[in-house]
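A.B. asks: My file is start.txt. It has compact mmCIF, C-alpha atoms and all ligand atoms:
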# COMPACT_ATOMS: atom_id res chain seq x y z
CA MET A 1 -20.74 221.09 189.52
CA ASP A 2 -19.46 221.48 193.10
CA VAL A 3 -21.17 224.18 195.14
CA THR A 4 -20.84 225.30 198.76
CA ALA A 5 -23.96 224.96 200.86
CA ALA A 6 -25.28 225.00 204.40
CA ILE A 7 -26.95 221.60 204.58
CA ALA A 8 -29.85 220.70 206.87
CA PHE A 9 -29.17 216.99 207.35
CA GLU A 10 -31.84 216.40 209.97
CA ALA A 11 -34.25 218.23 212.25
CA GLY A 12 -32.71 219.90 215.27
CA ARG A 13 -29.12 219.65 214.04
CA PRO A 14 -27.26 222.87 213.14
CA LEU A 15 -26.64 223.54 209.47
CA GLU A 16 -23.38 222.07 208.18
CA ILE A 17 -21.25 223.75 205.55
CA ASP A 18 -19.99 221.35 202.92
CA THR A 19 -19.63 220.83 199.19
CA VAL A 20 -22.66 219.43 197.39
CA GLN A 21 -23.19 218.56 193.75
CA LEU A 22 -25.54 220.60 191.61
CA GLU A 23 -26.74 219.45 188.18
CA GLY A 24 -27.18 222.01 185.40
CA PRO A 25 -30.55 223.49 184.45
CA ARG A 26 -33.03 221.34 182.50
CA ASP A 27 -35.94 222.55 180.32
CA GLY A 28 -37.37 225.83 181.61
CA GLU A 29 -34.78 226.01 184.39
CA VAL A 30 -32.07 228.49 185.26
CA LEU A 31 -28.75 228.19 187.13
CA VAL A 32 -28.32 231.15 189.51
CA GLU A 33 -25.23 232.19 191.44
CA ILE A 34 -26.58 233.35 194.79
CA MET A 35 -24.71 236.47 195.95
CA ALA A 36 -26.57 237.10 199.22
CA THR A 37 -29.39 235.60 201.27
CA GLY A 38 -31.41 236.68 204.26
CA LEU A 39 -32.25 234.42 207.21
CA CYS A 40 -35.98 234.16 207.82
CA HIS A 41 -38.24 232.49 210.35
CA THR A 42 -39.46 229.59 208.26
CA ASP A 43 -35.90 228.44 207.70
CA LYS A 44 -35.44 228.18 211.47
CA TYR A 45 -38.91 226.66 211.94
CA THR A 46 -38.23 223.96 209.35
CA LEU A 47 -34.79 223.21 210.76
CA SER A 48 -36.26 222.88 214.26
CA GLY A 49 -38.32 219.88 213.15
CA GLN A 50 -41.60 221.48 214.27
CA ASP A 51 -42.76 221.83 210.66
CA PRO A 52 -44.50 218.54 209.83
CA GLU A 53 -43.95 219.25 206.12
CA GLY A 54 -40.20 219.79 206.58
CA LEU A 55 -38.08 217.45 204.47
CA PHE A 56 -34.51 216.34 205.16
CA PRO A 57 -31.80 216.46 204.02
CA ALA A 58 -32.44 219.84 202.43
CA ILE A 59 -30.81 223.08 201.41
CA LEU A 60 -32.88 225.76 203.13
CA GLY A 61 -33.07 229.51 202.43
CA HIS A 62 -35.66 231.45 200.44
CA GLU A 63 -34.62 235.14 200.67
CA GLY A 64 -31.87 235.51 198.07
CA ALA A 65 -30.52 237.54 195.20
CA GLY A 66 -28.07 236.55 192.51
CA ILE A 67 -26.96 236.36 188.91
CA VAL A 68 -28.10 234.03 186.12
CA ARG A 69 -25.14 231.90 185.00
CA GLU A 70 -26.78 229.40 182.61
CA VAL A 71 -30.24 228.81 181.16
CA GLY A 72 -31.82 225.51 180.14
CA ALA A 73 -33.66 224.79 176.90
CA GLY A 74 -36.82 226.79 176.31
CA VAL A 75 -36.03 229.58 178.76
CA LYS A 76 -37.55 232.72 177.22
CA HIS A 77 -37.19 235.62 179.59
CA LEU A 78 -33.74 235.28 181.15
CA LYS A 79 -30.12 235.11 179.95
CA PRO A 80 -26.72 234.70 181.60
CA GLY A 81 -25.73 237.88 183.45
CA ASP A 82 -29.27 238.90 184.41
CA HIS A 83 -29.73 239.84 188.07
CA VAL A 84 -32.58 238.00 189.76
CA ILE A 85 -34.49 237.41 192.99
CA PRO A 86 -35.79 233.85 193.60
CA LEU A 87 -39.54 233.57 194.25
CA TYR A 88 -41.03 231.04 196.65
CA THR A 89 -44.35 232.19 195.20
CA PRO A 90 -43.77 231.87 191.44
CA GLU A 91 -45.74 233.66 188.74
CA CYS A 92 -46.39 231.57 185.61
CA ARG A 93 -49.05 233.93 184.19
CA GLU A 94 -50.85 230.89 182.71
CA CYS A 95 -52.44 228.85 185.53
CA PRO A 96 -56.05 229.48 186.62
CA SER A 97 -54.83 231.35 189.71
CA CYS A 98 -52.54 233.70 187.79
CA LEU A 99 -55.23 234.28 185.15
CA SER A 100 -57.89 234.97 187.80
CA ARG A 101 -56.11 238.20 188.82
CA LYS A 102 -57.59 237.47 192.26
CA THR A 103 -54.59 235.82 193.92
CA ASN A 104 -50.81 235.68 193.74
CA LEU A 105 -50.77 231.98 194.67
CA CYS A 106 -49.63 230.51 191.36
CA THR A 107 -50.29 226.77 191.17
CA ALA A 108 -48.03 225.86 188.23
CA ILE A 109 -45.34 224.06 190.30
CA ARG A 110 -47.00 223.93 193.67
CA SER A 111 -47.10 220.17 194.25
CA THR A 112 -43.46 219.46 193.36
CA GLN A 113 -42.25 222.56 195.24
CA GLY A 114 -43.95 221.29 198.40
CA LYS A 115 -42.15 217.96 197.96
CA GLY A 116 -38.76 219.66 197.73
CA LEU A 117 -38.40 218.81 194.04
CA MET A 118 -38.08 220.58 190.71
CA PRO A 119 -41.16 220.55 188.42
CA ASP A 120 -40.01 217.32 186.69
CA GLY A 121 -40.09 215.54 190.05
CA THR A 122 -36.34 215.28 190.61
CA SER A 123 -33.73 217.21 192.60
CA ARG A 124 -30.71 218.99 191.16
CA PHE A 125 -28.79 218.78 194.46
CA SER A 126 -26.99 215.69 195.75
CA TYR A 127 -24.49 214.87 198.49
CA LYS A 128 -22.24 211.83 198.14
CA GLY A 129 -24.60 210.44 195.51
CA GLN A 130 -27.78 210.89 197.57
CA PRO A 131 -30.38 213.47 196.52
CA ILE A 132 -30.94 216.52 198.72
CA HIS A 133 -34.30 218.34 198.78
CA HIS A 134 -34.83 221.83 197.46
CA TYR A 135 -36.64 224.19 199.86
CA MET A 136 -39.59 226.47 199.05
CA GLY A 137 -38.42 226.18 195.47
CA CYS A 138 -35.40 228.40 196.26
CA SER A 139 -32.57 226.83 198.36
CA THR A 140 -30.61 230.05 198.71
CA PHE A 141 -28.24 228.65 201.38
CA ALA A 142 -25.99 227.51 198.54
CA ASN A 143 -23.78 229.69 196.38
CA PHE A 144 -25.42 228.23 193.27
CA THR A 145 -28.95 226.93 192.88
CA VAL A 146 -31.33 225.93 190.10
CA LEU A 147 -34.87 227.33 189.80
CA PRO A 148 -37.67 227.28 187.25
CA GLU A 149 -37.74 230.40 185.10
CA ILE A 150 -41.21 231.29 186.45
CA ALA A 151 -39.71 231.50 189.97
CA LEU A 152 -37.26 234.29 189.17
CA ALA A 153 -37.89 238.04 189.10
CA LYS A 154 -35.47 239.93 186.88
CA ILE A 155 -34.23 243.07 188.64
CA ARG A 156 -32.09 246.06 187.67
CA PRO A 157 -28.35 245.32 187.64
CA ASP A 158 -27.28 248.24 189.86
CA ALA A 159 -29.22 247.02 192.93
CA PRO A 160 -26.96 245.75 195.76
CA PHE A 161 -27.50 242.03 196.40
CA ASP A 162 -26.84 242.28 200.14
CA LYS A 163 -29.85 244.61 200.53
CA VAL A 164 -32.37 243.56 197.89
CA CYS A 165 -32.21 239.89 198.88
CA TYR A 166 -34.58 240.93 201.70
CA ILE A 167 -37.17 241.83 199.03
CA GLY A 168 -37.27 238.09 198.32
CA CYS A 169 -39.39 237.65 201.45
CA GLY A 170 -39.68 240.13 204.34
CA VAL A 171 -39.86 243.48 202.57
CA THR A 172 -42.39 242.33 199.98
CA THR A 173 -44.46 240.46 202.58
CA GLY A 174 -44.82 243.50 204.83
CA ILE A 175 -45.16 246.29 202.28
CA GLY A 176 -47.26 244.10 199.96
CA ALA A 177 -49.77 243.18 202.68
CA VAL A 178 -50.53 246.90 203.05
CA LEU A 179 -50.50 247.88 199.37
CA PHE A 180 -51.74 244.75 197.57
CA THR A 181 -53.70 242.64 200.07
CA ALA A 182 -55.41 245.12 202.41
CA GLN A 183 -55.12 248.13 200.09
CA VAL A 184 -54.88 250.57 202.95
CA GLU A 185 -55.89 254.10 202.00
CA ALA A 186 -54.44 257.48 202.97
CA GLY A 187 -55.68 258.75 206.31
CA ALA A 188 -56.26 255.28 207.75
CA THR A 189 -55.49 254.23 211.31
CA VAL A 190 -53.33 251.10 211.25
CA GLY A 191 -52.33 248.66 214.00
CA VAL A 192 -49.21 246.55 213.61
CA PHE A 193 -48.93 243.58 215.97
CA GLY A 194 -45.27 242.48 216.17
CA LEU A 195 -42.46 244.82 215.15
CA GLY A 196 -39.91 242.42 213.67
CA GLY A 197 -38.68 242.00 210.13
CA ILE A 198 -42.25 241.84 208.81
CA GLY A 199 -44.05 244.33 211.07
CA LEU A 200 -41.50 247.08 210.42
CA ASN A 201 -42.12 246.66 206.70
CA VAL A 202 -45.88 246.87 207.32
CA ILE A 203 -45.17 250.17 209.07
CA GLN A 204 -43.17 251.46 206.14
CA GLY A 205 -45.93 250.39 203.73
CA ALA A 206 -48.54 252.18 205.87
CA LYS A 207 -46.40 255.32 205.91
CA MET A 208 -46.00 255.11 202.11
CA VAL A 209 -49.76 255.07 201.50
CA GLY A 210 -50.27 257.99 203.87
CA ALA A 211 -51.76 256.32 206.93
CA ASN A 212 -52.60 258.95 209.53
CA ARG A 213 -51.87 256.96 212.66
CA ILE A 214 -49.72 253.84 212.94
CA ILE A 215 -49.91 252.05 216.28
CA GLY A 216 -47.22 249.43 216.91
CA ILE A 217 -47.67 246.65 219.46
CA ASP A 218 -44.73 244.59 220.74
CA ILE A 219 -43.64 242.96 223.98
CA ASN A 220 -40.00 243.88 223.23
CA PRO A 221 -39.49 247.54 224.29
CA GLU A 222 -36.32 247.70 222.20
CA ARG A 223 -38.40 247.66 219.03
CA GLU A 224 -39.99 251.06 219.78
CA ALA A 225 -37.14 253.27 218.53
CA ILE A 226 -36.69 251.66 215.12
CA ALA A 227 -40.44 251.43 214.62
CA ARG A 228 -40.75 255.19 215.22
CA GLN A 229 -37.95 255.72 212.70
CA PHE A 230 -40.09 253.84 210.15
CA GLY A 231 -43.25 255.85 210.83
CA MET A 232 -44.94 254.38 213.92
CA THR A 233 -46.82 257.16 215.74
CA ASP A 234 -47.83 255.29 218.94
CA PHE A 235 -46.32 252.31 220.78
CA VAL A 236 -48.13 249.85 223.02
CA ASN A 237 -46.30 247.23 225.07
CA PRO A 238 -48.96 244.71 226.14
CA LYS A 239 -46.78 243.72 229.12
CA GLU A 240 -47.10 247.23 230.50
CA LEU A 241 -50.88 246.91 230.58
CA GLY A 242 -50.45 244.57 233.56
CA PRO A 243 -51.25 240.87 233.99
CA ASN A 244 -54.97 241.34 233.33
CA GLY A 245 -54.31 244.06 230.78
CA ASP A 246 -56.96 244.44 228.15
CA LEU A 247 -55.05 245.09 224.92
CA VAL A 248 -58.20 245.20 222.77
CA GLY A 249 -59.99 247.60 225.09
CA HIS A 250 -56.89 249.78 225.30
CA LEU A 251 -56.58 250.02 221.51
CA ILE A 252 -60.28 250.72 221.02
CA GLU A 253 -60.08 253.49 223.60
CA MET A 254 -56.91 254.95 222.06
CA THR A 255 -58.56 255.14 218.63
CA GLY A 256 -62.05 256.11 219.69
CA GLY A 257 -63.66 252.93 218.36
CA GLY A 258 -61.04 250.70 216.78
CA LEU A 259 -58.47 250.51 214.00
CA ASP A 260 -59.27 250.69 210.30
CA TYR A 261 -56.65 248.02 209.53
CA THR A 262 -54.69 245.63 211.72
CA PHE A 263 -51.83 243.31 210.76
CA GLU A 264 -50.73 240.31 212.79
CA CYS A 265 -46.99 239.89 212.20
CA VAL A 266 -46.06 237.32 214.85
CA GLY A 267 -47.84 234.00 214.20
CA ASN A 268 -49.63 233.88 217.57
CA PRO A 269 -53.34 232.85 217.43
CA THR A 270 -54.20 234.80 220.60
CA LEU A 271 -52.72 237.93 219.08
CA MET A 272 -54.58 237.23 215.81
CA ARG A 273 -57.83 237.32 217.75
CA GLN A 274 -56.86 240.55 219.49
CA ALA A 275 -55.89 242.07 216.14
CA LEU A 276 -59.31 241.19 214.70
CA GLU A 277 -61.23 242.41 217.72
CA SER A 278 -59.41 245.75 217.86
CA ALA A 279 -60.43 246.46 214.27
CA HIS A 280 -63.27 248.96 213.94
CA ARG A 281 -66.87 247.76 214.10
CA GLY A 282 -68.52 247.95 210.69
CA TRP A 283 -65.44 248.24 208.50
CA GLY A 284 -62.22 247.16 210.22
CA VAL A 285 -60.04 244.76 208.28
CA SER A 286 -57.58 242.44 210.05
CA CYS A 287 -54.88 240.76 208.03
CA VAL A 288 -53.02 237.66 209.23
CA ILE A 289 -49.40 237.61 208.04
CA GLY A 290 -47.74 235.62 210.83
CA VAL A 291 -47.47 231.87 210.26
CA ALA A 292 -48.68 229.93 213.29
CA GLY A 293 -47.36 226.53 214.31
CA ALA A 294 -48.81 223.45 212.66
CA GLY A 295 -52.24 222.48 213.97
CA GLN A 296 -52.95 225.76 215.76
CA GLU A 297 -56.42 227.27 215.43
CA ILE A 298 -57.86 230.77 215.60
CA SER A 299 -61.14 231.67 217.23
CA THR A 300 -63.43 234.61 217.87
CA ARG A 301 -67.12 235.13 218.47
CA PRO A 302 -69.12 235.20 215.19
CA PHE A 303 -70.53 238.50 216.45
CA GLN A 304 -67.14 240.08 215.65
CA LEU A 305 -67.65 239.30 211.96
CA VAL A 306 -71.40 239.84 211.84
CA THR A 307 -70.72 243.37 213.01
CA GLY A 308 -68.69 244.03 209.90
CA ARG A 309 -65.07 243.20 210.68
CA ARG A 310 -63.25 241.29 207.98
CA TRP A 311 -60.56 238.68 208.69
CA ILE A 312 -58.15 238.21 205.79
CA GLY A 313 -54.68 236.76 205.21
CA SER A 314 -51.70 237.45 203.02
CA ALA A 315 -48.96 235.28 201.51
CA PHE A 316 -45.86 237.03 200.17
CA GLY A 317 -47.77 240.31 200.55
CA GLY A 318 -50.16 239.38 197.76
CA ALA A 319 -47.33 240.27 195.39
CA ARG A 320 -47.06 238.79 191.91
CA GLY A 321 -43.37 238.09 192.04
CA ARG A 322 -42.14 238.66 188.49
CA THR A 323 -44.33 241.75 188.12
CA ASP A 324 -44.09 243.39 191.54
CA VAL A 325 -40.65 242.46 192.92
CA PRO A 326 -38.74 244.46 190.25
CA LYS A 327 -40.91 247.49 191.13
CA ILE A 328 -40.08 247.16 194.81
CA VAL A 329 -36.38 247.00 193.92
CA ASP A 330 -36.89 250.26 191.99
CA TRP A 331 -38.56 251.85 195.04
CA TYR A 332 -35.51 250.92 197.09
CA MET A 333 -33.10 252.32 194.52
CA GLU A 334 -35.17 255.53 194.32
CA GLY A 335 -34.92 255.94 198.11
CA ARG A 336 -38.65 255.44 198.62
CA ILE A 337 -38.15 252.55 201.02
CA ASP A 338 -35.48 251.86 203.63
CA ILE A 339 -33.96 248.41 203.77
CA ASP A 340 -30.49 249.21 205.11
CA SER A 341 -31.69 250.08 208.65
CA LEU A 342 -33.37 246.68 208.97
CA ILE A 343 -30.29 244.63 208.10
CA THR A 344 -28.74 244.56 211.54
CA HIS A 345 -26.20 241.79 210.98
CA LYS A 346 -24.07 240.38 208.17
CA LEU A 347 -22.33 237.02 208.26
CA LYS A 348 -20.34 234.65 206.11
CA LEU A 349 -21.98 231.33 205.27
CA ALA A 350 -19.65 229.51 207.68
CA ASP A 351 -21.28 231.41 210.58
CA ILE A 352 -24.89 230.99 209.46
CA ASN A 353 -25.91 229.15 212.65
CA LEU A 354 -24.95 232.24 214.69
CA GLY A 355 -27.55 234.14 212.67
CA PHE A 356 -30.29 231.75 213.79
CA ASP A 357 -29.12 232.06 217.41
CA MET A 358 -29.46 235.87 217.18
CA MET A 359 -32.92 235.45 215.64
CA SER A 360 -33.99 233.21 218.55
CA ARG A 361 -32.77 235.78 221.08
CA GLY A 362 -34.60 238.64 219.32
CA GLU A 363 -31.32 240.51 218.80
CA SER A 364 -31.49 240.86 215.03
CA ILE A 365 -34.11 242.24 212.68
CA ARG A 366 -32.54 240.71 209.59
CA THR A 367 -29.25 238.88 209.19
CA VAL A 368 -27.84 238.64 205.68
CA VAL A 369 -25.25 236.11 204.53
CA GLU A 370 -23.00 237.37 201.75
CA TYR A 371 -21.23 234.73 199.68
P1 LIG A 401 -39.58 238.58 214.15
O1 LIG A 401 -39.20 237.55 215.15
O2 LIG A 401 -38.53 239.42 213.54
O3 LIG A 401 -40.67 239.54 214.78
C1 LIG A 401 -41.67 239.13 215.62
C2 LIG A 401 -41.92 240.25 216.63
O4 LIG A 401 -43.10 239.94 217.37
C3 LIG A 401 -40.80 240.45 217.63
O5 LIG A 401 -40.42 241.81 217.68
C4 LIG A 401 -41.43 240.00 218.96
O6 LIG A 401 -40.93 240.73 220.08
C5 LIG A 401 -42.89 240.28 218.70
N1 LIG A 401 -43.81 239.50 219.53
C6 LIG A 401 -43.71 238.19 219.90
N2 LIG A 401 -44.77 237.83 220.62
C7 LIG A 401 -45.58 238.92 220.72
C8 LIG A 401 -46.81 239.18 221.36
N3 LIG A 401 -47.46 238.23 222.03
N4 LIG A 401 -47.34 240.40 221.26
C9 LIG A 401 -46.70 241.37 220.57
N5 LIG A 401 -45.53 241.19 219.96
C10 LIG A 401 -44.97 239.98 220.03
O7 LIG A 401 -40.37 237.81 213.00
P2 LIG A 401 -40.68 238.33 211.50
O8 LIG A 401 -39.52 238.01 210.63
O9 LIG A 401 -41.17 239.71 211.58
O10 LIG A 401 -41.85 237.32 211.09
C11 LIG A 401 -43.12 237.42 211.70
C12 LIG A 401 -44.05 236.33 211.21
O11 LIG A 401 -44.36 236.53 209.83
C13 LIG A 401 -43.50 234.92 211.31
O12 LIG A 401 -44.54 234.08 211.78
C14 LIG A 401 -43.15 234.58 209.89
O13 LIG A 401 -43.17 233.20 209.65
C15 LIG A 401 -44.29 235.29 209.18
N6 LIG A 401 -44.10 235.50 207.73
C16 LIG A 401 -45.19 235.35 206.93
C17 LIG A 401 -45.10 235.53 205.57
C18 LIG A 401 -46.32 235.42 204.69
O14 LIG A 401 -46.17 235.43 203.46
N7 LIG A 401 -47.53 235.33 205.24
C19 LIG A 401 -43.86 235.86 204.99
C20 LIG A 401 -42.77 236.04 205.84
C21 LIG A 401 -42.89 235.86 207.20
C1 LIG A 402 -41.99 232.98 204.32
N1 LIG A 402 -43.08 232.47 204.92
C2 LIG A 402 -42.92 232.58 206.24
C3 LIG A 402 -41.72 233.16 206.45
N2 LIG A 402 -41.16 233.40 205.25
C4 LIG A 402 -44.17 231.93 204.28
C5 LIG A 402 -44.57 230.65 204.58
C6 LIG A 402 -45.70 230.12 203.96
C7 LIG A 402 -46.40 230.86 203.02
C8 LIG A 402 -45.96 232.13 202.69
C9 LIG A 402 -44.85 232.67 203.33
C10 LIG A 402 -47.56 230.33 202.41
C11 LIG A 402 -48.82 230.85 202.51
C12 LIG A 402 -49.68 230.04 201.78
C13 LIG A 402 -48.91 229.03 201.24
N3 LIG A 402 -47.61 229.18 201.64
C14 LIG A 402 -49.43 227.95 200.37
C15 LIG A 402 -49.36 228.38 198.95
C16 LIG A 402 -50.13 227.44 198.06
O1 LIG A 402 -50.54 226.37 198.53
O2 LIG A 402 -50.31 227.78 196.91
C17 LIG A 402 -46.56 228.34 201.29
C18 LIG A 402 -45.69 228.70 200.27
C19 LIG A 402 -44.61 227.85 199.90
C20 LIG A 402 -44.44 226.64 200.57
C21 LIG A 402 -45.30 226.30 201.58
C22 LIG A 402 -46.36 227.14 201.94
C23 LIG A 402 -43.31 225.74 200.16
O3 LIG A 402 -42.65 225.96 199.18
N4 LIG A 402 -43.03 224.69 200.89
C24 LIG A 402 -45.83 229.99 199.52
ZN ZN A 403 -39.40 234.30 204.75
For the file at hand, write its structure as structure tokens.
Ligand code: NAD
Ligand code: 022
Ligand code: ZN
C.D. replies:
Amino acid sequence: MDVTAAIAFEAGRPLEIDTVQLEGPRDGEVLVEIMATGLCHTDKYTLSGQDPEGLFPAILGHEGAGIVREVGAGVKHLKPGDHVIPLYTPECRECPSCLSRKTNLCTAIRSTQGKGLMPDGTSRFSYKGQPIHHYMGCSTFANFTVLPEIALAKIRPDAPFDKVCYIGCGVTTGIGAVLFTAQVEAGATVGVFGLGGIGLNVIQGAKMVGANRIIGIDINPEREAIARQFGMTDFVNPKELGPNGDLVGHLIEMTGGGLDYTFECVGNPTLMRQALESAHRGWGVSCVIGVAGAGQEISTRPFQLVTGRRWIGSAFGGARGRTDVPKIVDWYMEGRIDIDSLITHKLKLADINLGFDMMSRGESIRTVVEY
């Protein structure tokens, strides 16, 4: 069938809107009409050409929501009309990782997903007869896409697509890192490094679990107001500490010894080190969420770990997509989490490149494209 997509033909070139061909779903696969998609950092990173694993041509996008239109043979859990959120971290419930209960990183389709292909090793998308790669197993920058059944979370039908698409990445990543990965407890002191689309969701997760003090750190002073709205109690702008400002020392002094939990939500290795070192001696946990550029390394003195700090990381908030994403949608519908305030811009697909420009300038928290 003909579908409308924003195509990434090659690195560094803006997305181009055109008609592409999409084949129907094969065994275990599902055709989804995408109703809305968020714009996220990895889409921009991949398009920039800096991602050595980026494949072209491709249909990017991984933060969507839509409706099942057709199911392939053997699909057990979904039917046409079901509302779904695509999962770049699938949940097969059968692989060693899913069965371990120790990780959300399902391995069932990992190798083909990384190659931009469906589990049978082929692509459903083509342009003028040439195959186009899928992206993170989702490709939500098209009004229809095909995904494996295990990469779709079924959600309640009354949830608005233009809001819950953000649960497909940013909301779950931020809230999940607090609830599932770090398991922050009530009364904790939490530091959030970077107050963008992820950090603000970390703040709202910390507020949900009853954190006592939530210290936000950002070099953009315009992030203070919205972060306070989400539950931040103290704001630190590292730039205001002066050129030789000691962010770690400042945070340790502010908290009388360090933070119980810190979250790095930028992707900057220097900041990752500062987040670890401002965690409390003996028990502080520092969680890396930000994705650093290819080949970058983190460092600290071993003494930081020997003295009882723990350095951990989180992918997709540690969430098991098919199990946890529907619950997060329920929390939104019950008014327990705020998504609306974080969606600062809405665009039509034709203007998608403007959304990436706003992201680069730090003007938007989240931009959503509605089809
Ligand atoms: P964003 O651009 O919306 O937010 C980043 C924020 O960090 C901005 O407010 C910026 O002003 C601030 N910042 C930049 N440099 C800083 C510094 N040196 N000190 C303090 N603050 C600084 O980005 P986002 O959408 O929130 O994403 C953040 C990171 O999370 C990205 O690296 C993204 O790829 C990553 N991410 C990871 C996962 C995962 O599963 N681990 C999922 C989604 C996103
Ligand atoms: C989403 N991310 C950043 C912004 N939005 C993001 C990027 C990468 C990961 C998670 C979120 C991630 C962490 C660990 C892995 N990935 C590897 C998982 C594994 O090997 O099992 C990751 C994921 C998907 C892809 C690449 C890396 C992909 O589909 N290409 C989950
Ligand atoms: Zn994302």
A.B. asks: In Å, how far is it from CA of Glu70 in chain A to atom N1 of ligand LIG 402 (chain A)?
C.D. replies: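 About the pair CA of Glu70 in chain A and atom N1 of ligand LIG 402 (chain A): they are 27.8 Å apart.
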A.B. asks: Counting all atoms listed in the file, which residues of chain A sit at most 7 Å from some atom of ligand LIG 401 (chain A), and what is each one's closest atom pair with its distance in Å to one decimal, listed by chain and rising residue number, as a Markdown table?
C.D. replies:
| residue | atom | partner | partner_atom | distance |
| --- | --- | --- | --- | --- |
| A:Cys40 | CA | A:LIG401 | O8 | 5.9 |
| A:His41 | CA | A:LIG401 | O13 | 5.0 |
| A:Thr42 | CA | A:LIG401 | O13 | 5.4 |
| A:Cys169 | CA | A:LIG401 | C20 | 5.8 |
| A:Gly170 | CA | A:LIG401 | C20 | 5.3 |
| A:Thr173 | CA | A:LIG401 | C19 | 5.2 |
| A:Phe193 | CA | A:LIG401 | C9 | 5.6 |
| A:Gly194 | CA | A:LIG401 | O4 | 3.5 |
| A:Leu195 | CA | A:LIG401 | O5 | 4.4 |
| A:Gly196 | CA | A:LIG401 | O3 | 3.2 |
| A:Gly197 | CA | A:LIG401 | O9 | 3.7 |
| A:Ile198 | CA | A:LIG401 | O9 | 3.7 |
| A:Gly199 | CA | A:LIG401 | O9 | 5.5 |
| A:Ile217 | CA | A:LIG401 | C9 | 5.5 |
| A:Asp218 | CA | A:LIG401 | N5 | 3.6 |
| A:Ile219 | CA | A:LIG401 | N5 | 4.8 |
| A:Asn220 | CA | A:LIG401 | O6 | 4.6 |
| A:Arg223 | CA | A:LIG401 | O5 | 6.3 |
| A:Pro238 | CA | A:LIG401 | N4 | 6.7 |
| A:Cys265 | CA | A:LIG401 | C11 | 4.6 |
| A:Val266 | CA | A:LIG401 | C12 | 4.3 |
| A:Gly267 | CA | A:LIG401 | O12 | 4.1 |
| A:Asn268 | CA | A:LIG401 | N3 | 6.6 |
| A:Leu271 | CA | A:LIG401 | N3 | 6.0 |
| A:Ile289 | CA | A:LIG401 | N7 | 4.1 |
| A:Gly290 | CA | A:LIG401 | O11 | 3.6 |
| A:Val291 | CA | A:LIG401 | O12 | 4.0 |
| A:Ala292 | CA | A:LIG401 | O12 | 6.1 |
| A:Ser314 | CA | A:LIG401 | N7 | 5.2 |
| A:Ala315 | CA | A:LIG401 | O14 | 3.4 |
| A:Phe316 | CA | A:LIG401 | O14 | 3.7 |
| A:Gly317 | CA | A:LIG401 | O14 | 5.9 |
| A:Met359 | CA | A:LIG401 | O1 | 6.6 |
| A:Gly362 | CA | A:LIG401 | O1 | 6.3 |
| A:Ile365 | CA | A:LIG401 | O2 | 5.3 |
A.B. asks: For CA of Leu247 in chain A and CA of Lys207 in chain A, quote the distance in Å rounded to one decimal.
C.D. replies: 23.3 Å
A.B. asks: Show me which residues sit within 10 Å of ligand LIG 402 (chain A) when counting all atoms listed in the file, and put them as a ChimeraX atom specification.
C.D. replies: /A:39-46,53-55,61-63,87-90,97,103-117,134-138,168-170,173,198,267,289-292,313-318
A.B. asks: May I have the selected residues written with C-alpha atoms, as a compact mmCIF listing (two decimals), in the coordinates of the input?
C.D. replies:
# COMPACT_ATOMS: atom_id res chain seq x y z
CA LEU A 39 -32.25 234.42 207.21
CA CYS A 40 -35.98 234.16 207.82
CA HIS A 41 -38.24 232.49 210.35
CA THR A 42 -39.46 229.59 208.26
CA ASP A 43 -35.90 228.44 207.70
CA LYS A 44 -35.44 228.18 211.47
CA TYR A 45 -38.91 226.66 211.94
CA THR A 46 -38.23 223.96 209.35
CA GLU A 53 -43.95 219.25 206.12
CA GLY A 54 -40.20 219.79 206.58
CA LEU A 55 -38.08 217.45 204.47
CA GLY A 61 -33.07 229.51 202.43
CA HIS A 62 -35.66 231.45 200.44
CA GLU A 63 -34.62 235.14 200.67
CA LEU A 87 -39.54 233.57 194.25
CA TYR A 88 -41.03 231.04 196.65
CA THR A 89 -44.35 232.19 195.20
CA PRO A 90 -43.77 231.87 191.44
CA SER A 97 -54.83 231.35 189.71
CA THR A 103 -54.59 235.82 193.92
CA ASN A 104 -50.81 235.68 193.74
CA LEU A 105 -50.77 231.98 194.67
CA CYS A 106 -49.63 230.51 191.36
CA THR A 107 -50.29 226.77 191.17
CA ALA A 108 -48.03 225.86 188.23
CA ILE A 109 -45.34 224.06 190.30
CA ARG A 110 -47.00 223.93 193.67
CA SER A 111 -47.10 220.17 194.25
CA THR A 112 -43.46 219.46 193.36
CA GLN A 113 -42.25 222.56 195.24
CA GLY A 114 -43.95 221.29 198.40
CA LYS A 115 -42.15 217.96 197.96
CA GLY A 116 -38.76 219.66 197.73
CA LEU A 117 -38.40 218.81 194.04
CA HIS A 134 -34.83 221.83 197.46
CA TYR A 135 -36.64 224.19 199.86
CA MET A 136 -39.59 226.47 199.05
CA GLY A 137 -38.42 226.18 195.47
CA CYS A 138 -35.40 228.40 196.26
CA GLY A 168 -37.27 238.09 198.32
CA CYS A 169 -39.39 237.65 201.45
CA GLY A 170 -39.68 240.13 204.34
CA THR A 173 -44.46 240.46 202.58
CA ILE A 198 -42.25 241.84 208.81
CA GLY A 267 -47.84 234.00 214.20
CA ILE A 289 -49.40 237.61 208.04
CA GLY A 290 -47.74 235.62 210.83
CA VAL A 291 -47.47 231.87 210.26
CA ALA A 292 -48.68 229.93 213.29
CA GLY A 313 -54.68 236.76 205.21
CA SER A 314 -51.70 237.45 203.02
CA ALA A 315 -48.96 235.28 201.51
CA PHE A 316 -45.86 237.03 200.17
CA GLY A 317 -47.77 240.31 200.55
CA GLY A 318 -50.16 239.38 197.76
